[in-house]
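Source file: my_file_2.txt (compact mmCIF, C-alpha atoms)
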# COMPACT_ATOMS: atom_id res chain seq x y z
CA MET A 120 -29.12 64.64 -14.33
CA VAL A 121 -27.96 63.68 -17.82
CA LYS A 122 -24.54 65.18 -17.03
CA ILE A 123 -24.19 63.02 -13.90
CA LYS A 124 -25.21 59.95 -15.88
CA TYR A 125 -22.52 60.56 -18.51
CA THR A 126 -19.93 61.30 -15.83
CA LEU A 127 -20.71 57.98 -14.10
CA ILE A 128 -20.50 56.11 -17.40
CA GLY A 129 -17.16 57.81 -18.10
CA VAL A 130 -15.75 56.89 -14.67
CA LEU A 131 -16.97 53.30 -15.11
CA MET A 132 -15.31 53.04 -18.51
CA VAL A 133 -12.02 54.37 -17.13
CA ILE A 134 -12.13 51.76 -14.31
CA ILE A 135 -12.93 48.97 -16.79
CA GLY A 136 -10.08 50.21 -18.99
CA ILE A 137 -7.57 50.17 -16.10
CA VAL A 138 -8.66 46.65 -15.05
CA ALA A 139 -8.43 45.45 -18.68
CA VAL A 140 -4.92 46.88 -19.04
CA LEU A 141 -3.83 45.23 -15.76
CA ILE A 142 -5.20 41.88 -16.95
CA VAL A 143 -3.81 42.09 -20.50
CA PHE A 144 -0.46 43.58 -19.43
CA PRO A 145 0.35 42.12 -16.00
CA SER A 146 3.23 43.66 -14.09
CA GLU A 147 6.64 41.98 -14.21
CA GLU A 148 6.19 40.99 -10.57
CA LYS A 149 2.99 39.14 -11.42
CA LYS A 150 4.73 37.38 -14.31
CA VAL A 151 7.48 36.23 -11.93
CA LYS A 152 4.94 35.02 -9.36
CA LYS A 153 3.14 33.13 -12.11
CA GLN A 154 6.34 31.15 -12.83
CA PHE A 155 6.50 30.09 -9.19
CA ASN A 156 2.81 29.12 -9.24
CA LEU A 157 3.41 27.00 -12.33
CA LEU A 158 6.46 25.34 -10.77
CA ALA A 159 4.43 24.53 -7.62
CA ALA A 160 1.57 23.13 -9.69
CA TRP A 161 3.82 20.99 -11.87
CA VAL A 162 5.92 19.60 -9.02
CA SER A 163 2.83 18.76 -6.94
CA LYS A 164 1.29 15.36 -7.42
CA SER A 165 -2.09 13.95 -6.52
CA PRO A 166 -2.60 10.23 -5.83
CA GLU A 167 -4.87 10.05 -8.89
CA GLU A 168 -2.27 11.44 -11.31
CA ASN A 169 -2.03 9.28 -14.43
CA THR A 170 1.00 8.70 -16.67
CA PHE A 171 -0.19 11.15 -19.34
CA ILE A 172 -0.51 14.02 -16.83
CA MET A 173 2.82 13.06 -15.26
CA LEU A 174 4.62 13.19 -18.64
CA GLN A 175 2.97 16.51 -19.49
CA LYS A 176 4.04 18.01 -16.15
CA MET A 177 7.63 16.81 -16.55
CA LYS A 178 7.80 18.29 -20.05
CA ASN A 179 6.36 21.56 -18.72
CA ILE A 180 8.79 21.81 -15.78
CA GLY A 181 11.74 22.02 -18.16
CA THR A 182 10.21 25.05 -19.89
CA LEU A 183 10.45 27.09 -16.67
CA PHE A 184 14.26 26.85 -16.59
CA ASP A 185 17.06 28.55 -18.45
CA GLU A 186 19.21 26.35 -20.72
CA HIS A 187 21.56 25.91 -17.77
CA CYS A 188 20.38 26.37 -14.21
CA GLU A 189 22.84 26.61 -11.33
CA LEU A 190 21.86 24.90 -8.08
CA LYS A 191 23.72 25.83 -4.90
CA ALA A 192 22.96 23.79 -1.79
CA PRO A 193 24.69 23.19 1.56
CA ASP A 194 24.71 19.52 0.52
CA GLN A 195 27.50 19.72 -2.06
CA SER A 196 26.39 16.54 -3.85
CA LEU A 197 23.33 18.40 -5.17
CA SER A 198 25.16 21.55 -6.23
CA GLY A 199 26.00 22.05 -9.88
CA SER A 200 24.76 23.20 -13.24
CA TYR A 201 21.80 21.36 -14.75
CA THR A 202 20.25 21.49 -18.22
CA ARG A 203 16.48 21.66 -18.74
CA GLU A 204 16.43 18.02 -19.76
CA GLU A 205 18.37 16.98 -16.65
CA ILE A 206 15.96 18.93 -14.45
CA SER A 207 12.95 17.25 -16.08
CA THR A 208 14.56 13.83 -15.67
CA TYR A 209 15.54 14.42 -12.03
CA ALA A 210 12.07 15.78 -11.25
CA ALA A 211 10.40 12.75 -12.85
CA ASN A 212 12.70 10.41 -10.95
CA ALA A 213 12.12 12.18 -7.62
CA ARG A 214 8.33 12.35 -8.11
CA SER A 215 8.17 8.61 -8.86
CA HIS A 216 9.12 7.92 -5.22
CA PHE A 217 6.03 9.73 -3.97
CA SER A 218 2.35 8.98 -4.22
CA GLN A 219 1.45 12.52 -3.17
CA LEU A 220 3.35 15.82 -3.24
CA ASP A 221 2.39 19.38 -2.48
CA LEU A 222 4.79 22.27 -3.12
CA LYS A 223 3.94 25.70 -1.79
CA PHE A 224 5.83 28.99 -1.82
CA TYR A 225 5.50 31.65 0.89
CA ASP A 226 6.82 35.14 1.56
CA LEU A 227 8.12 35.95 -1.92
CA HIS A 228 10.32 39.07 -1.92
CA ILE A 229 10.91 40.09 -5.53
CA ILE A 230 13.49 42.66 -6.59
CA PHE A 231 14.72 43.74 -10.01
CA PRO A 232 18.42 44.62 -9.58
CA GLU A 233 18.90 45.22 -13.32
CA GLY A 234 16.95 44.92 -16.53
CA GLY A 235 16.07 41.37 -17.45
CA ILE A 236 17.07 39.90 -14.08
CA THR A 237 15.04 39.34 -10.94
CA LYS A 238 16.08 38.00 -7.55
CA VAL A 239 13.47 36.30 -5.43
CA THR A 240 13.83 35.25 -1.79
CA LEU A 241 11.13 32.90 -0.53
CA THR A 242 10.20 30.02 1.71
CA SER A 243 9.35 26.73 0.03
CA ARG A 244 7.48 23.93 1.73
CA LEU A 245 7.27 20.47 0.22
CA THR A 246 4.95 18.00 1.91
CA GLY A 247 3.95 14.55 0.75
CA ARG A 248 3.78 10.84 1.21
CA SER A 249 6.27 8.39 -0.25
CA THR A 250 5.15 5.25 -2.09
CA ALA A 251 6.27 3.38 1.06
CA GLY A 252 3.82 5.47 3.09
CA GLU A 253 6.35 7.71 4.88
CA LEU A 254 5.39 11.34 5.43
CA MET A 255 7.66 14.11 4.23
CA ASP A 256 7.71 17.75 5.30
CA GLU A 257 10.67 19.83 4.09
CA THR A 258 10.86 23.60 4.47
CA ARG A 259 13.70 25.62 3.00
CA GLU A 260 14.56 29.25 2.32
CA LEU A 261 15.54 29.77 -1.30
CA GLU A 262 17.20 32.57 -3.25
CA CYS A 263 16.32 32.36 -6.93
CA VAL A 264 17.58 34.32 -9.91
CA LEU A 265 15.32 34.45 -12.95
CA LYS A 266 16.32 35.86 -16.32
CA LYS A 267 13.94 37.30 -18.87
CA ILE A 268 14.50 35.40 -22.10
CA GLU A 269 12.16 35.96 -25.03
CA SER A 270 9.66 37.70 -22.71
CA LYS A 271 9.57 34.73 -20.30
CA TRP A 272 11.07 34.69 -16.81
CA LEU A 273 13.21 31.54 -16.53
CA PHE A 274 14.93 30.12 -13.45
CA SER A 275 18.69 30.41 -13.89
CA GLU A 276 19.98 30.07 -10.29
CA ILE A 277 18.52 28.47 -7.19
CA GLU A 278 20.36 28.65 -3.89
CA VAL A 279 19.28 26.88 -0.72
CA VAL A 280 19.91 29.25 2.19
CA GLU A 281 21.30 27.63 5.31
CA VAL A 282 18.98 28.91 8.04
CA LEU A 283 20.35 26.51 10.65
CA LYS A 284 24.01 25.60 10.37
CA LYS A 285 24.98 22.45 12.22
CA MET B 843 9.52 20.13 19.33
CA GLU B 844 7.61 17.05 20.55
CA PRO B 845 6.51 16.56 23.26
CA THR B 846 6.63 20.24 24.31
CA TYR B 847 4.79 21.39 21.15
CA HIS B 848 2.94 19.14 18.74
CA ASP B 849 3.59 18.99 15.01
CA GLY B 850 1.13 20.95 12.91
CA GLY B 851 -0.26 22.83 15.90
CA VAL B 852 -1.07 26.54 15.74
CA ASN B 853 0.73 28.95 18.04
CA PHE B 854 0.82 32.70 18.36
CA CYS B 855 4.23 34.35 18.45
CA TRP B 856 4.98 37.13 20.95
CA ARG B 857 7.25 39.27 18.78
CA LEU B 858 8.06 41.96 21.32
CA ARG B 859 9.81 39.49 23.68
CA TYR B 860 13.26 40.28 22.31
CA LEU B 861 12.77 43.96 21.62
CA PHE B 862 15.06 44.83 24.56
CA LEU B 863 16.20 41.36 25.65
CA GLU B 864 18.47 38.72 24.16
CA PRO B 865 17.39 35.09 23.72
CA LYS B 866 18.48 33.09 26.78
CA ARG B 867 19.48 29.45 27.11
CA PHE B 868 16.47 27.09 27.13
CA ASP B 869 14.08 29.72 25.72
CA VAL B 870 11.74 28.26 23.10
CA VAL B 871 11.91 30.63 20.14
CA ALA B 872 10.34 31.08 16.71
CA VAL B 873 12.94 31.12 13.93
CA ARG B 874 11.88 32.62 10.61
CA PHE B 875 12.71 31.56 7.08
CA ALA B 876 12.33 34.17 4.28
CA GLY B 877 9.34 35.80 5.95
CA ILE B 878 6.99 35.33 8.84
CA LYS B 879 4.44 32.92 7.34
CA VAL B 880 6.47 29.79 8.08
CA MET B 881 8.57 29.49 11.23
CA LEU B 882 10.38 26.83 13.20
CA LEU B 883 9.93 26.34 16.94
CA LYS B 884 13.27 25.51 18.53
CA ARG B 885 14.99 25.73 21.91
CA VAL B 886 18.07 27.90 22.44
CA VAL B 887 20.81 25.73 23.94
CA ALA B 888 23.87 27.95 23.48
CA GLN B 889 24.78 31.56 22.87
CA GLU B 890 27.53 33.27 20.92
CA GLY B 891 31.04 32.26 21.88
CA GLU B 892 29.93 29.05 23.61
CA GLN B 893 31.05 25.61 22.51
CA VAL B 894 28.29 23.06 21.77
CA GLU B 895 28.73 19.32 21.70
CA PHE B 896 26.58 16.19 21.91
CA ARG B 897 27.99 13.01 23.44
CA ASP B 898 25.79 9.91 23.56
CA GLY B 899 22.73 12.13 23.38
CA LYS B 900 23.83 14.45 26.18
CA LEU B 901 24.30 18.16 25.59
CA TYR B 902 27.62 19.71 26.61
CA ILE B 903 28.23 23.45 26.69
CA ASP B 904 31.87 24.47 27.09
CA GLY B 905 32.60 20.92 28.18
CA GLN B 906 29.92 20.85 30.92
CA GLU B 907 26.99 18.46 30.74
CA MET B 908 23.63 20.26 30.74
CA GLY B 909 20.48 18.75 32.19
CA GLU B 910 17.59 18.80 29.76
CA PRO B 911 14.38 17.65 31.48
CA TYR B 912 12.30 18.57 28.42
CA VAL B 913 13.97 15.83 26.33
CA ARG B 914 11.70 12.86 27.02
CA TYR B 915 12.59 10.45 24.24
CA PRO B 916 15.84 8.45 23.98
CA CYS B 917 18.65 10.25 22.16
CA TYR B 918 21.99 8.87 21.03
CA TRP B 919 23.41 11.83 19.12
CA ASN B 920 27.11 12.53 18.79
CA LEU B 921 28.23 15.89 17.46
CA PRO B 922 31.83 17.12 17.62
CA PRO B 923 32.36 20.42 19.46
CA ARG B 924 31.71 23.66 17.54
CA ARG B 925 31.71 27.28 18.65
CA VAL B 926 28.68 29.51 18.17
CA GLU B 927 29.52 32.48 15.95
CA LYS B 928 29.00 36.14 16.80
CA ASN B 929 25.37 37.35 16.72
CA CYS B 930 24.12 33.78 16.56
CA VAL B 931 22.38 31.34 18.88
CA TYR B 932 22.40 27.56 18.70
CA VAL B 933 18.94 26.04 18.58
CA VAL B 934 17.75 22.42 18.81
CA GLY B 935 14.31 20.83 18.94
CA ASP B 936 13.15 18.78 21.92
CA ASN B 937 12.33 15.69 19.87
CA ARG B 938 15.69 14.00 19.35
CA ASN B 939 14.38 10.50 18.90
CA MET B 940 15.63 10.38 15.33
CA PRO B 941 19.00 10.17 13.53
CA ILE B 942 20.95 13.41 13.92
CA GLU B 943 21.03 13.88 10.12
CA ASN B 944 17.23 14.05 10.00
CA HIS B 945 16.87 16.73 12.67
CA HIS B 946 16.81 20.37 11.64
CA PHE B 947 19.01 22.20 14.16
CA GLY B 948 22.10 24.38 14.38
CA GLN B 949 23.22 27.94 14.77
CA THR B 950 21.21 30.76 13.35
CA SER B 951 21.47 34.52 13.28
CA LYS B 952 19.73 36.34 16.14
CA SER B 953 18.00 38.44 13.49
CA ARG B 954 16.02 35.33 12.53
CA VAL B 955 14.67 34.89 16.07
CA MET B 956 11.25 36.49 15.83
CA GLY B 957 9.90 35.91 19.33
CA VAL B 958 8.51 33.26 21.64
CA PRO B 959 5.32 31.19 21.49
CA LEU B 960 2.56 32.73 23.62
CA TRP B 961 1.79 29.41 25.31
With the file now loaded, output its structure as structure tokens.
Amino acid sequence: MVKIKYTLIGVLMVIIGIVAVLIVFPSEEKKVKKQFNLLAAWVSKSPEENTFIMLQKMKNIGTLFDEHCELKAPDQSLSGSYTREEISTYAANARSHFSQLDLKFYDLHIIFPEGGITKVTLTSRLTGRSTAGELMDETRELECVLKKIESKWLFSEIEVVEVLKK
Amino acid sequence: MEPTYHDGGVNFCWRLRYLFLEPKRFDVVAVRFAGIKVMLLKRVVAQEGEQVEFRDGKLYIDGQEMGEPYVRYPCYWNLPPRRVEKNCVYVVGDNRNMPIENHHFGQTSKSRVMGVPLW
């Protein structure tokens, strides 16, 4: 009986140990997903958002990007290389036109082609309401490249995939 | 796809429809993005090799006007002719009562066509 008791305690401790390790040292895939969750949270906007939260979010968005991030889009006017500061400024400007925004990511396929680089294919859906009251619902397929810099995964390339070509 | 299907509605997709068949003209199909959680419902209007054109809101395939009884709202689109590439289909929504720039349509790879709505 005593032997069974100690065996159960041992098994329990091993399980707790594994869970603790998984929490303390999340997999690279989880770290990448976390960056997308943060981006979604910081781009999204509730009608009650005050200026302090807005400024904090804009400052935070820049930290998710590499020093220079390449954007490739079918609309050539948007394509180009942007600095963190430019991204924060553009995001703040774009968000100011909306009273409510909700960014969600679906179907993330994450691969690690080489050390320190990950490629993620996903569907992004941005819904919201403009300050003029118009509804917005934009869905796009994206291909993102993130680089691991100082143990953080940072967006370095974002390409909008043309699912329907006019 | 108004008025055939309503925005935000829930539909089930019959994914085995194109296991042995090819999408046909006027089929309503589900087109996938990166995965299967978010899809578009569109109507196939042209197949590979065909030439698509809109003139004053009317659809022309290889120069011939096509009747589209499912388009209920006024449409004034103009789109110069373009040929559908190999292994692609040309899809358009039924709701064309908006500027052409605001409508999400065009040719897409057949591999993105996941099936048809069940009803």
- [ ] Compile the residues of chain A that lie within 6 Å of chain B, evaluated using all atoms listed in the file, and express the compilation as a ChimeraX atom specification.
- [x] /A:226,241-242,260,283-285
Open item on the list: Which residues are near segment 894-898 of chain B? Cut-off 10 Å, only C-alpha atoms, ignore same chain within fewer than 5 positions. Put them as a PyMOL selection string.
Closed with: chain B and resi 887-889+903-907+917-926+932+948-949
- [ ] Select, from A:Lys178, A:Lys122, A:Lys223, A:Lys164, the residue with the minimum atom-to-atom distance to Tyr209 of chain A, counting all atoms listed in the file.
- [x]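 Among the listed residues, A:Lys178 lies closest to Tyr209 of chain A.
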TODO: Write out as a ChimeraX atom specification the residues lying within 9 Å of segment 844-848 of chain B, counting all atoms listed in the file and excluding same-chain residues fewer than 5 positions away.
DONE: /B:883,912-915,935-938
Give me the residues within 9 Å of Gly957 of chain B as a compact mmCIF listing (two decimals) with C-alpha atoms, keeping the file's coordinate frame, counting all atoms listed in the file and dropping any in the same chain fewer than 4 places off.
# COMPACT_ATOMS: atom_id res chain seq x y z
CA CYS B 855 4.23 34.35 18.45
CA TRP B 856 4.98 37.13 20.95
CA ARG B 857 7.25 39.27 18.78
CA LEU B 858 8.06 41.96 21.32
CA ARG B 859 9.81 39.49 23.68
CA TYR B 860 13.26 40.28 22.31
CA LEU B 861 12.77 43.96 21.62
CA PRO B 865 17.39 35.09 23.72
CA VAL B 870 11.74 28.26 23.10
CA VAL B 871 11.91 30.63 20.14
CA ALA B 872 10.34 31.08 16.71
CA VAL B 873 12.94 31.12 13.93
- [ ] Can you work out which one of A:Val162, A:Ile123, A:Met255, A:Met132 has the shortest atom-to-atom distance to Phe224 of chain A, counting all atoms listed in the file?
- [x] A:Val162
